[in-house]
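Colleague: So here's input.cif, just mmCIF, C-alpha atoms:
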data_start
#
loop_
_atom_site.group_PDB
_atom_site.id
_atom_site.type_symbol
_atom_site.label_atom_id
_atom_site.label_comp_id
_atom_site.auth_asym_id
_atom_site.auth_seq_id
_atom_site.Cartn_x
_atom_site.Cartn_y
_atom_site.Cartn_z
ATOM 1 C CA MET A 568 -33.170 68.432 -79.472
ATOM 2 C CA SER A 569 -31.520 71.820 -79.188
ATOM 3 C CA PRO A 570 -27.914 72.194 -78.085
ATOM 4 C CA LYS A 571 -27.192 72.681 -74.383
ATOM 5 C CA ASN A 572 -24.641 74.907 -72.749
ATOM 6 C CA ALA A 573 -22.535 73.705 -69.891
ATOM 7 C CA SER A 574 -19.762 75.053 -67.756
ATOM 8 C CA ALA A 575 -17.212 73.359 -65.565
ATOM 9 C CA LYS A 576 -14.107 74.175 -63.653
ATOM 10 C CA LEU A 577 -11.197 72.150 -65.055
ATOM 11 C CA PHE A 578 -7.720 72.465 -63.611
ATOM 12 C CA GLY A 579 -8.755 75.679 -61.864
ATOM 13 C CA ARG A 580 -10.103 77.279 -65.015
ATOM 14 C CA GLU A 581 -13.737 77.925 -66.003
ATOM 15 C CA VAL A 582 -14.663 76.196 -69.255
ATOM 16 C CA GLU A 583 -17.908 76.659 -71.188
ATOM 17 C CA PHE A 584 -19.060 74.494 -74.066
ATOM 18 C CA THR A 585 -22.094 73.561 -76.126
ATOM 19 C CA TYR A 586 -23.180 69.959 -76.608
ATOM 20 C CA SER A 587 -26.026 67.851 -77.928
ATOM 21 C CA GLU A 588 -27.647 65.520 -75.406
ATOM 22 C CA THR A 589 -28.795 63.249 -78.218
ATOM 23 C CA TRP A 590 -25.330 62.825 -79.720
ATOM 24 C CA ILE A 591 -23.747 62.374 -76.288
ATOM 25 C CA ALA A 592 -26.257 59.577 -75.598
ATOM 26 C CA TYR A 593 -25.519 57.905 -78.946
ATOM 27 C CA ALA A 594 -21.783 58.194 -78.351
ATOM 28 C CA LEU A 595 -21.951 56.759 -74.817
ATOM 29 C CA PHE A 596 -24.256 53.947 -75.890
ATOM 30 C CA THR A 597 -22.004 53.035 -78.836
ATOM 31 C CA LEU A 598 -18.826 53.213 -76.744
ATOM 32 C CA ARG A 599 -20.428 51.019 -74.071
ATOM 33 C CA LEU A 600 -21.365 48.385 -76.657
ATOM 34 C CA MET A 601 -17.963 48.513 -78.326
ATOM 35 C CA MET A 602 -16.055 48.191 -75.048
ATOM 36 C CA GLY A 603 -18.464 45.459 -73.980
ATOM 37 C CA TRP A 604 -17.745 43.496 -77.124
ATOM 38 C CA VAL A 605 -13.970 43.935 -76.749
ATOM 39 C CA PHE A 606 -14.075 42.573 -73.196
ATOM 40 C CA PHE A 607 -16.602 39.832 -73.890
ATOM 41 C CA TYR A 608 -14.720 38.522 -76.919
ATOM 42 C CA ALA A 609 -11.336 38.660 -75.151
ATOM 43 C CA GLY A 610 -12.815 36.715 -72.241
ATOM 44 C CA ILE A 611 -14.964 34.152 -74.012
ATOM 45 C CA VAL A 612 -12.172 32.988 -76.334
ATOM 46 C CA LYS A 613 -10.112 32.294 -73.214
ATOM 47 C CA VAL A 614 -13.021 30.522 -71.484
ATOM 48 C CA ILE A 615 -13.697 28.158 -74.389
ATOM 49 C CA ASP A 616 -10.011 27.330 -74.922
ATOM 50 C CA PRO A 617 -9.234 24.546 -72.435
ATOM 51 C CA ASN A 618 -5.493 25.127 -72.891
ATOM 52 C CA TRP A 619 -5.476 28.869 -72.252
ATOM 53 C CA SER A 620 -3.404 29.958 -69.281
ATOM 54 C CA ALA A 621 -2.104 33.254 -67.948
ATOM 55 C CA ARG A 622 1.290 31.614 -67.293
ATOM 56 C CA PRO A 623 2.934 32.355 -70.700
ATOM 57 C CA PHE A 624 1.855 35.985 -70.484
ATOM 58 C CA LEU A 625 3.315 36.364 -66.992
ATOM 59 C CA LEU A 626 6.553 34.554 -67.755
ATOM 60 C CA ASN A 627 7.232 36.387 -71.029
ATOM 61 C CA VAL A 628 7.105 39.968 -69.800
ATOM 62 C CA ASP A 629 9.888 42.048 -71.363
ATOM 63 C CA GLN A 630 13.016 42.012 -69.184
ATOM 64 C CA ALA A 631 13.157 45.824 -69.447
ATOM 65 C CA ASN A 632 9.874 46.063 -67.525
ATOM 66 C CA PRO A 633 10.669 47.437 -64.059
ATOM 67 C CA LEU A 634 8.129 45.041 -62.522
ATOM 68 C CA VAL A 635 9.290 41.916 -64.349
ATOM 69 C CA ASP A 636 9.961 40.097 -61.069
ATOM 70 C CA VAL A 637 6.417 40.832 -59.866
ATOM 71 C CA TRP A 638 4.867 39.376 -63.018
ATOM 72 C CA VAL A 639 7.076 36.284 -62.882
ATOM 73 C CA ALA A 640 6.184 35.783 -59.196
ATOM 74 C CA MET A 641 2.498 36.045 -60.079
ATOM 75 C CA ALA A 642 2.925 32.988 -62.309
ATOM 76 C CA ASP A 643 2.860 30.930 -59.085
ATOM 77 C CA TRP A 644 -0.740 32.107 -58.705
ATOM 78 C CA VAL A 645 -1.773 31.071 -62.203
ATOM 79 C CA TRP A 646 -4.290 28.587 -60.727
ATOM 80 C CA LEU A 647 -6.227 31.662 -59.518
ATOM 81 C CA LEU A 648 -5.256 34.276 -62.116
ATOM 82 C CA THR A 649 -6.257 32.199 -65.147
ATOM 83 C CA PRO A 650 -9.940 31.775 -64.193
ATOM 84 C CA LEU A 651 -10.112 35.321 -62.779
ATOM 85 C CA ASN A 652 -8.874 36.663 -66.094
ATOM 86 C CA GLN A 653 -11.204 34.495 -68.168
ATOM 87 C CA VAL A 654 -14.313 35.137 -66.094
ATOM 88 C CA GLY A 655 -13.453 38.759 -65.315
ATOM 89 C CA LEU A 656 -13.100 39.783 -68.943
ATOM 90 C CA THR A 657 -16.247 37.893 -69.912
ATOM 91 C CA LEU A 658 -18.398 39.314 -67.089
ATOM 92 C CA VAL A 659 -17.211 42.881 -67.636
ATOM 93 C CA GLY A 660 -18.091 42.442 -71.310
ATOM 94 C CA ILE A 661 -21.559 41.089 -70.580
ATOM 95 C CA ALA A 662 -22.256 43.824 -68.025
ATOM 96 C CA LEU A 663 -21.291 46.529 -70.509
ATOM 97 C CA LEU A 664 -23.254 44.943 -73.345
ATOM 98 C CA VAL A 665 -26.482 44.771 -71.343
ATOM 99 C CA GLY A 666 -25.821 47.950 -69.374
ATOM 100 C CA ALA A 667 -25.987 46.346 -65.922
ATOM 101 C CA PHE A 668 -23.752 47.387 -63.025
ATOM 102 C CA VAL A 669 -21.786 49.540 -65.455
ATOM 103 C CA ARG A 670 -19.907 51.543 -62.808
ATOM 104 C CA LEU A 671 -18.808 48.388 -61.013
ATOM 105 C CA SER A 672 -17.811 46.590 -64.201
ATOM 106 C CA ALA A 673 -16.082 49.700 -65.572
ATOM 107 C CA PHE A 674 -14.027 49.915 -62.370
ATOM 108 C CA PHE A 675 -12.907 46.279 -62.552
ATOM 109 C CA GLY A 676 -12.333 46.479 -66.298
ATOM 110 C CA ALA A 677 -10.181 49.582 -65.834
ATOM 111 C CA MET A 678 -8.189 47.833 -63.098
ATOM 112 C CA MET A 679 -7.509 44.917 -65.449
ATOM 113 C CA MET A 680 -6.441 47.324 -68.175
ATOM 114 C CA LEU A 681 -4.052 49.110 -65.792
ATOM 115 C CA PHE A 682 -2.466 45.769 -64.882
ATOM 116 C CA TYR A 683 -2.102 44.889 -68.561
ATOM 117 C CA TRP A 684 -0.682 48.352 -69.237
ATOM 118 C CA ALA A 685 1.925 47.988 -66.486
ATOM 119 C CA SER A 686 2.920 44.530 -67.697
ATOM 120 C CA ALA A 687 3.190 45.615 -71.337
ATOM 121 C CA TYR A 688 5.969 48.151 -70.704
ATOM 122 C CA PRO A 689 8.108 48.928 -72.653
ATOM 123 C CA PHE A 690 5.499 49.448 -75.321
ATOM 124 C CA PRO A 691 6.455 48.429 -78.846
ATOM 125 C CA ASP A 692 4.309 51.114 -80.488
ATOM 126 C CA ALA A 693 4.049 53.843 -77.858
ATOM 127 C CA ILE A 694 6.043 55.823 -75.341
ATOM 128 C CA PHE A 695 3.625 56.017 -72.403
ATOM 129 C CA ILE A 696 0.052 55.802 -73.623
ATOM 130 C CA ASP A 697 -0.996 52.566 -75.274
ATOM 131 C CA PHE A 698 -4.418 51.067 -75.924
ATOM 132 C CA HIS A 699 -4.678 49.562 -72.425
ATOM 133 C CA LEU A 700 -4.517 53.012 -70.861
ATOM 134 C CA ILE A 701 -7.005 54.379 -73.403
ATOM 135 C CA TYR A 702 -9.414 51.529 -72.590
ATOM 136 C CA ALA A 703 -9.025 52.237 -68.859
ATOM 137 C CA PHE A 704 -9.976 55.882 -69.348
ATOM 138 C CA LEU A 705 -12.838 55.027 -71.695
ATOM 139 C CA LEU A 706 -14.206 52.745 -68.989
ATOM 140 C CA PHE A 707 -13.794 55.542 -66.446
ATOM 141 C CA ALA A 708 -15.794 57.841 -68.735
ATOM 142 C CA LEU A 709 -18.561 55.253 -69.189
ATOM 143 C CA GLY A 710 -18.871 54.792 -65.438
ATOM 144 C CA ALA A 711 -18.700 58.511 -64.685
ATOM 145 C CA ALA A 712 -21.367 59.274 -67.286
ATOM 146 C CA GLY A 713 -23.750 56.582 -66.065
ATOM 147 C CA ALA A 714 -23.768 54.930 -69.491
ATOM 148 C CA GLY A 715 -25.703 51.928 -68.172
ATOM 149 C CA ARG A 716 -28.789 54.097 -67.942
ATOM 150 C CA ILE A 717 -28.762 54.684 -71.702
ATOM 151 C CA LEU A 718 -30.763 51.778 -73.134
ATOM 152 C CA GLY A 719 -29.303 49.554 -70.434
ATOM 153 C CA LEU A 720 -30.541 47.525 -67.494
ATOM 154 C CA ASP A 721 -29.149 49.959 -64.907
ATOM 155 C CA GLN A 722 -32.091 52.279 -65.510
ATOM 156 C CA TRP A 723 -34.483 49.424 -64.686
ATOM 157 C CA ILE A 724 -32.391 48.133 -61.747
ATOM 158 C CA GLU A 725 -32.431 51.577 -60.120
ATOM 159 C CA GLU A 726 -36.236 51.383 -59.994
ATOM 160 C CA LEU A 727 -36.170 48.199 -57.885
ATOM 161 C CA ASP A 728 -37.241 48.526 -54.245
ATOM 162 C CA ILE A 729 -33.927 47.181 -52.961
ATOM 163 C CA VAL A 730 -32.072 50.036 -54.661
ATOM 164 C CA LYS A 731 -34.640 52.658 -53.680
ATOM 165 C CA ASN A 732 -34.403 51.465 -50.054
ATOM 166 C CA ASN A 733 -30.579 51.385 -50.215
ATOM 167 C CA PRO A 734 -29.554 54.401 -52.318
ATOM 168 C CA ARG A 735 -25.856 53.679 -51.761
ATOM 169 C CA LEU A 736 -26.252 50.785 -54.188
ATOM 170 C CA THR A 737 -26.516 53.295 -57.035
ATOM 171 C CA ILE A 738 -22.739 53.739 -56.862
ATOM 172 C CA LEU A 739 -22.510 50.321 -58.547
ATOM 173 C CA LEU A 740 -24.990 51.238 -61.256
ATOM 174 C CA GLY A 741 -25.070 53.760 -64.042
#
Output the file's structure in the form of C-alpha coordinates.
Modeller:
Amino acid sequence: MSPKNASAKLFGREVEFTYSETWIAYALFTLRLMMGWVFFYAGIVKVIDPNWSARPFLLNVDQANPLVDVWVAMADWVWLLTPLNQVGLTLVGIALLVGAFVRLSAFFGAMMMLFYWASAYPFPDAIFIDFHLIYAFLLFALGAAGAGRILGLDQWIEELDIVKNNPRLTILLG
(Lines of atoms letter the chains of each structure in order from A and count residues from 1; the text may use other names and numbers.)
(Lines give C-alpha, C1' and ligand atoms only; values in the text may rest on other atoms or scores of the structure.)
Protein backbone atom coordinates (compact mmCIF):
# COMPACT_ATOMS: atom_id res chain seq x y z
CA MET A 1 0.00 0.00 0.00
CA SER A 2 1.32 3.44 -0.87
CA PRO A 3 2.21 5.96 1.81
CA LYS A 4 -0.47 8.41 2.96
CA ASN A 5 -0.12 12.05 3.83
CA ALA A 6 -1.79 13.51 6.85
CA SER A 7 -1.95 16.85 8.56
CA ALA A 8 -2.95 17.85 12.05
CA LYS A 9 -2.88 20.84 14.28
CA LEU A 10 -0.75 20.08 17.34
CA PHE A 11 -0.22 22.66 20.05
CA GLY A 12 -1.47 25.36 17.70
CA ARG A 13 0.90 24.42 14.91
CA GLU A 14 0.12 22.69 11.59
CA VAL A 15 2.04 19.44 11.19
CA GLU A 16 2.21 17.31 8.04
CA PHE A 17 3.60 13.80 7.85
CA THR A 18 3.67 10.69 5.70
CA TYR A 19 2.75 7.27 7.06
CA SER A 20 2.02 3.72 5.99
CA GLU A 21 -1.42 2.40 6.91
CA THR A 22 -0.11 -1.15 6.80
CA TRP A 23 2.75 -0.51 9.23
CA ILE A 24 0.51 1.53 11.53
CA ALA A 25 -1.92 -1.42 11.64
CA TYR A 26 0.90 -3.88 12.40
CA ALA A 27 2.27 -1.59 15.10
CA LEU A 28 -1.13 -1.07 16.77
CA PHE A 29 -1.96 -4.77 16.60
CA THR A 30 1.41 -5.75 18.09
CA LEU A 31 1.22 -3.11 20.83
CA ARG A 32 -2.31 -4.24 21.71
CA LEU A 33 -1.16 -7.86 22.05
CA MET A 34 1.92 -6.92 24.04
CA MET A 35 0.00 -4.70 26.46
CA GLY A 36 -2.68 -7.38 26.69
CA TRP A 37 -0.11 -9.96 27.68
CA VAL A 38 1.49 -7.65 30.26
CA PHE A 39 -1.87 -7.04 31.93
CA PHE A 40 -3.12 -10.61 31.64
CA TYR A 41 0.06 -12.10 33.09
CA ALA A 42 0.24 -9.54 35.93
CA GLY A 43 -3.38 -10.33 36.80
CA ILE A 44 -3.49 -14.09 36.41
CA VAL A 45 -0.44 -14.70 38.61
CA LYS A 46 -2.24 -12.76 41.34
CA VAL A 47 -5.50 -14.66 40.77
CA ILE A 48 -3.90 -18.10 41.04
CA ASP A 49 -1.85 -17.19 44.13
CA PRO A 50 -4.21 -17.71 47.09
CA ASN A 51 -1.88 -15.70 49.34
CA TRP A 52 -1.58 -12.62 47.14
CA SER A 53 -2.85 -9.42 48.72
CA ALA A 54 -2.61 -5.73 47.91
CA ARG A 55 -1.89 -5.01 51.60
CA PRO A 56 1.96 -5.27 51.48
CA PHE A 57 2.06 -3.00 48.45
CA LEU A 58 -0.10 -0.38 50.15
CA LEU A 59 1.71 -0.52 53.48
CA ASN A 60 5.22 -0.38 51.99
CA VAL A 61 4.92 2.79 49.94
CA ASP A 62 8.05 4.93 50.27
CA GLN A 63 7.71 7.43 53.13
CA ALA A 64 8.85 10.20 50.75
CA ASN A 65 5.69 9.70 48.68
CA PRO A 66 3.45 12.73 49.26
CA LEU A 67 0.39 10.46 49.30
CA VAL A 68 1.79 7.85 51.67
CA ASP A 69 -1.06 8.36 54.14
CA VAL A 70 -3.63 7.77 51.38
CA TRP A 71 -2.04 4.47 50.38
CA VAL A 72 -1.78 3.30 53.99
CA ALA A 73 -5.44 4.23 54.57
CA MET A 74 -6.42 2.25 51.49
CA ALA A 75 -5.01 -0.86 53.18
CA ASP A 76 -8.23 -0.90 55.24
CA TRP A 77 -10.03 -1.58 51.96
CA VAL A 78 -7.80 -4.49 50.98
CA TRP A 79 -10.82 -6.84 51.08
CA LEU A 80 -12.09 -4.93 48.02
CA LEU A 81 -8.84 -3.74 46.42
CA THR A 82 -7.22 -7.19 46.24
CA PRO A 83 -9.90 -8.82 44.06
CA LEU A 84 -10.39 -5.61 42.04
CA ASN A 85 -6.69 -5.58 41.26
CA GLN A 86 -6.54 -9.28 40.41
CA VAL A 87 -9.66 -9.32 38.25
CA GLY A 88 -9.09 -5.86 36.78
CA LEU A 89 -5.62 -6.64 35.48
CA THR A 90 -6.74 -10.01 34.13
CA LEU A 91 -9.86 -8.66 32.36
CA VAL A 92 -8.02 -5.70 30.84
CA GLY A 93 -5.43 -8.18 29.55
CA ILE A 94 -8.03 -10.50 28.05
CA ALA A 95 -9.92 -7.61 26.45
CA LEU A 96 -6.74 -6.31 24.82
CA LEU A 97 -5.65 -9.76 23.67
CA VAL A 98 -8.94 -10.50 21.92
CA GLY A 99 -9.58 -6.90 20.89
CA ALA A 100 -12.94 -6.54 22.65
CA PHE A 101 -14.08 -3.34 24.35
CA VAL A 102 -10.59 -1.94 23.81
CA ARG A 103 -11.47 1.69 24.58
CA LEU A 104 -13.16 0.72 27.84
CA SER A 105 -10.39 -1.63 28.91
CA ALA A 106 -7.69 0.86 27.86
CA PHE A 107 -9.36 3.51 30.03
CA PHE A 108 -9.48 1.27 33.11
CA GLY A 109 -5.99 -0.07 32.46
CA ALA A 110 -4.65 3.48 32.19
CA MET A 111 -6.39 4.43 35.44
CA MET A 112 -4.72 1.49 37.20
CA MET A 113 -1.36 2.50 35.77
CA LEU A 114 -1.82 6.09 36.99
CA PHE A 115 -2.58 4.81 40.49
CA TYR A 116 0.52 2.60 40.39
CA TRP A 117 2.55 5.53 39.07
CA ALA A 118 1.40 7.80 41.90
CA SER A 119 2.13 5.15 44.51
CA ALA A 120 5.59 4.37 43.11
CA TYR A 121 6.96 7.88 43.70
CA PRO A 122 9.82 8.57 44.28
CA PHE A 123 10.93 6.45 41.37
CA PRO A 124 14.15 4.49 41.84
CA ASP A 125 15.10 4.68 38.15
CA ALA A 126 13.36 7.81 36.89
CA ILE A 127 12.64 11.42 37.73
CA PHE A 128 9.03 11.79 36.57
CA ILE A 129 8.29 9.34 33.79
CA ASP A 130 8.45 5.66 34.66
CA PHE A 131 7.01 2.60 32.94
CA HIS A 132 3.59 3.01 34.58
CA LEU A 133 3.11 6.38 32.90
CA ILE A 134 4.37 5.00 29.58
CA TYR A 135 1.88 2.12 29.82
CA ALA A 136 -0.93 4.58 30.60
CA PHE A 137 -0.16 6.59 27.47
CA LEU A 138 0.25 3.48 25.33
CA LEU A 139 -3.21 2.41 26.45
CA PHE A 140 -4.54 5.87 25.62
CA ALA A 141 -3.06 5.54 22.12
CA LEU A 142 -4.59 2.08 21.62
CA GLY A 143 -8.02 3.36 22.63
CA ALA A 144 -7.74 6.55 20.58
CA ALA A 145 -6.66 4.61 17.50
CA GLY A 146 -9.44 2.05 17.76
CA ALA A 147 -6.92 -0.80 17.94
CA GLY A 148 -9.65 -3.33 18.75
CA ARG A 149 -10.85 -3.10 15.18
CA ILE A 150 -7.52 -4.42 13.88
CA LEU A 151 -7.93 -8.20 13.90
CA GLY A 152 -10.00 -7.88 17.05
CA LEU A 153 -13.54 -8.59 18.17
CA ASP A 154 -14.52 -4.91 18.30
CA GLN A 155 -14.91 -4.88 14.52
CA TRP A 156 -17.40 -7.76 14.79
CA ILE A 157 -19.17 -6.33 17.87
CA GLU A 158 -19.79 -3.03 16.07
CA GLU A 159 -21.78 -4.94 13.44
CA LEU A 160 -24.25 -6.28 16.03
CA ASP A 161 -27.77 -4.84 15.95
CA ILE A 162 -27.56 -3.64 19.55
CA VAL A 163 -24.58 -1.44 18.68
CA LYS A 164 -26.07 -0.26 15.38
CA ASN A 165 -29.29 0.67 17.22
CA ASN A 166 -27.32 2.37 20.03
CA PRO A 167 -24.37 4.11 18.34
CA ARG A 168 -23.22 5.61 21.65
CA LEU A 169 -22.00 2.13 22.58
CA THR A 170 -19.16 2.53 20.08
CA ILE A 171 -17.38 4.75 22.61
CA LEU A 172 -16.61 1.54 24.52
CA LEU A 173 -15.31 -0.25 21.45
CA GLY A 174 -12.43 0.27 19.09
Colleague: Of the candidates A:Phe707, A:Phe584, A:Phe624, A:Tyr688, which one gets nearest to Ala673 (chain A) if we count only C-alpha atoms?
Modeller: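 Nearest candidate to Ala673 (chain A) out of A:Phe707, A:Phe584, A:Phe624, A:Tyr688: A:Phe707.
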Colleague: For the atom pair CA of Gln653 (chain A) and CA of Leu681 (chain A), what is the interatomic distance in Å to one decimal place?
Modeller: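 That distance, rounded to one decimal, is 16.4 Å.
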Colleague: Once the PyMOL selection byres ((chain A and resi 658) around 10) has been evaluated on this model, what residues remain selected, and can you format them as a ChimeraX atom specification?
Modeller: /A:603,606-607,610-611,652-657,659-664,672,675-676
Colleague: Taking into account all atoms listed in the file, which residue in the set A:Thr597, A:Ser569, A:Ser686, A:Asn732 is nearest to Asn632 (chain A)?
Modeller: A:Ser686
Colleague: Between CA of Val730 (chain A) and CA of Gly715 (chain A), what is the distance in Å, rounded to a tenth?
Modeller: 15.1 Å
Colleague: Mind pulling up the distance from CA of Ala677 (chain A) to CA of Ser620 (chain A)?
Modeller: 21.0 Å
Colleague: With the file shown as input, list the residues that the PyMOL selection byres ((chain A and resi 635) around 12) selects, as a VMD selection string.
Modeller: chain A and resid 624 to 634 636 to 642 685 to 689
Colleague: Taking into account all atoms listed in the file, which residue in the set A:Ala573, A:Ala621, A:Leu739, A:Val614 is nearest to Ser587 (chain A)?
Modeller: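 Comparing A:Ala573, A:Ala621, A:Leu739, A:Val614 against Ser587 (chain A), the winner is A:Ala573.
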Colleague: So that I can check the surroundings of Phe674 (chain A), please list as a list in words every protein, DNA and RNA residue that reaches within 12 Å of it, counting all atoms listed in the file and ignoring chain neighbours fewer than 4 positions away.
Modeller: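 Within the cut-off, the hits are Gly655, Val659, Ala662, Leu663, Phe668, Val669, Arg670, Met678, Met679, Met680, Leu681, Tyr702, Ala703, Phe704, Leu705, Leu706, Phe707, Ala708, Leu709, Gly710, Ala711, Ile738, Leu739, Leu740 and Gly741 of chain A.
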Colleague: Go ahead and dump the residues you just picked, C-alpha atoms, as a PDB file, in the coordinates of the input.
Modeller:
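This went into part15.pdb:
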ATOM      1  CA  GLY A 655     -13.453  38.759 -65.315  1.00  0.00           C
ATOM      2  CA  VAL A 659     -17.211  42.881 -67.636  1.00  0.00           C
ATOM      3  CA  ALA A 662     -22.256  43.824 -68.025  1.00  0.00           C
ATOM      4  CA  LEU A 663     -21.291  46.529 -70.509  1.00  0.00           C
ATOM      5  CA  PHE A 668     -23.752  47.387 -63.025  1.00  0.00           C
ATOM      6  CA  VAL A 669     -21.786  49.540 -65.455  1.00  0.00           C
ATOM      7  CA  ARG A 670     -19.907  51.543 -62.808  1.00  0.00           C
ATOM      8  CA  MET A 678      -8.189  47.833 -63.098  1.00  0.00           C
ATOM      9  CA  MET A 679      -7.509  44.917 -65.449  1.00  0.00           C
ATOM     10  CA  MET A 680      -6.441  47.324 -68.175  1.00  0.00           C
ATOM     11  CA  LEU A 681      -4.052  49.110 -65.792  1.00  0.00           C
ATOM     12  CA  TYR A 702      -9.414  51.529 -72.590  1.00  0.00           C
ATOM     13  CA  ALA A 703      -9.025  52.237 -68.859  1.00  0.00           C
ATOM     14  CA  PHE A 704      -9.976  55.882 -69.348  1.00  0.00           C
ATOM     15  CA  LEU A 705     -12.838  55.027 -71.695  1.00  0.00           C
ATOM     16  CA  LEU A 706     -14.206  52.745 -68.989  1.00  0.00           C
ATOM     17  CA  PHE A 707     -13.794  55.542 -66.446  1.00  0.00           C
ATOM     18  CA  ALA A 708     -15.794  57.841 -68.735  1.00  0.00           C
ATOM     19  CA  LEU A 709     -18.561  55.253 -69.189  1.00  0.00           C
ATOM     20  CA  GLY A 710     -18.871  54.792 -65.438  1.00  0.00           C
ATOM     21  CA  ALA A 711     -18.700  58.511 -64.685  1.00  0.00           C
ATOM     22  CA  ILE A 738     -22.739  53.739 -56.862  1.00  0.00           C
ATOM     23  CA  LEU A 739     -22.510  50.321 -58.547  1.00  0.00           C
ATOM     24  CA  LEU A 740     -24.990  51.238 -61.256  1.00  0.00           C
ATOM     25  CA  GLY A 741     -25.070  53.760 -64.042  1.00  0.00           C
TER      26      GLY A 741
END
Colleague: Select, from A:Thr737, A:Ala712, A:Gly666, A:Leu720, the residue with the minimum atom-to-atom distance to Met601 (chain A), counting all atoms listed in the file.
Modeller: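 Of A:Thr737, A:Ala712, A:Gly666, A:Leu720, the one nearest Met601 (chain A), counting all atoms listed in the file, is A:Gly666.
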Colleague: Give as a list of chain:residue names the residues that the PyMOL selection byres ((chain A and resi 592-596) around 8) matches when applied to the coordinates above.
Modeller: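 Output of the PyMOL selection byres ((chain A and resi 592-596) around 8): A:Glu588, A:Thr589, A:Trp590, A:Ile591, A:Thr597, A:Leu598, A:Arg599, A:Leu600, A:Leu709, A:Ala712, A:Ala714, A:Ile717, A:Leu718.
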Colleague: Specify the axis-aligned box that encloses all atoms of region 733-740 of chain A listed in the file after padding of 8 Å on each side, stating its centre and edge lengths in Å to one decimal as JSON.
Modeller:
{"center_x": -26.5, "center_y": 52.4, "center_z": -55.7, "size_x": 24.1, "size_y": 20.1, "size_z": 27.0}
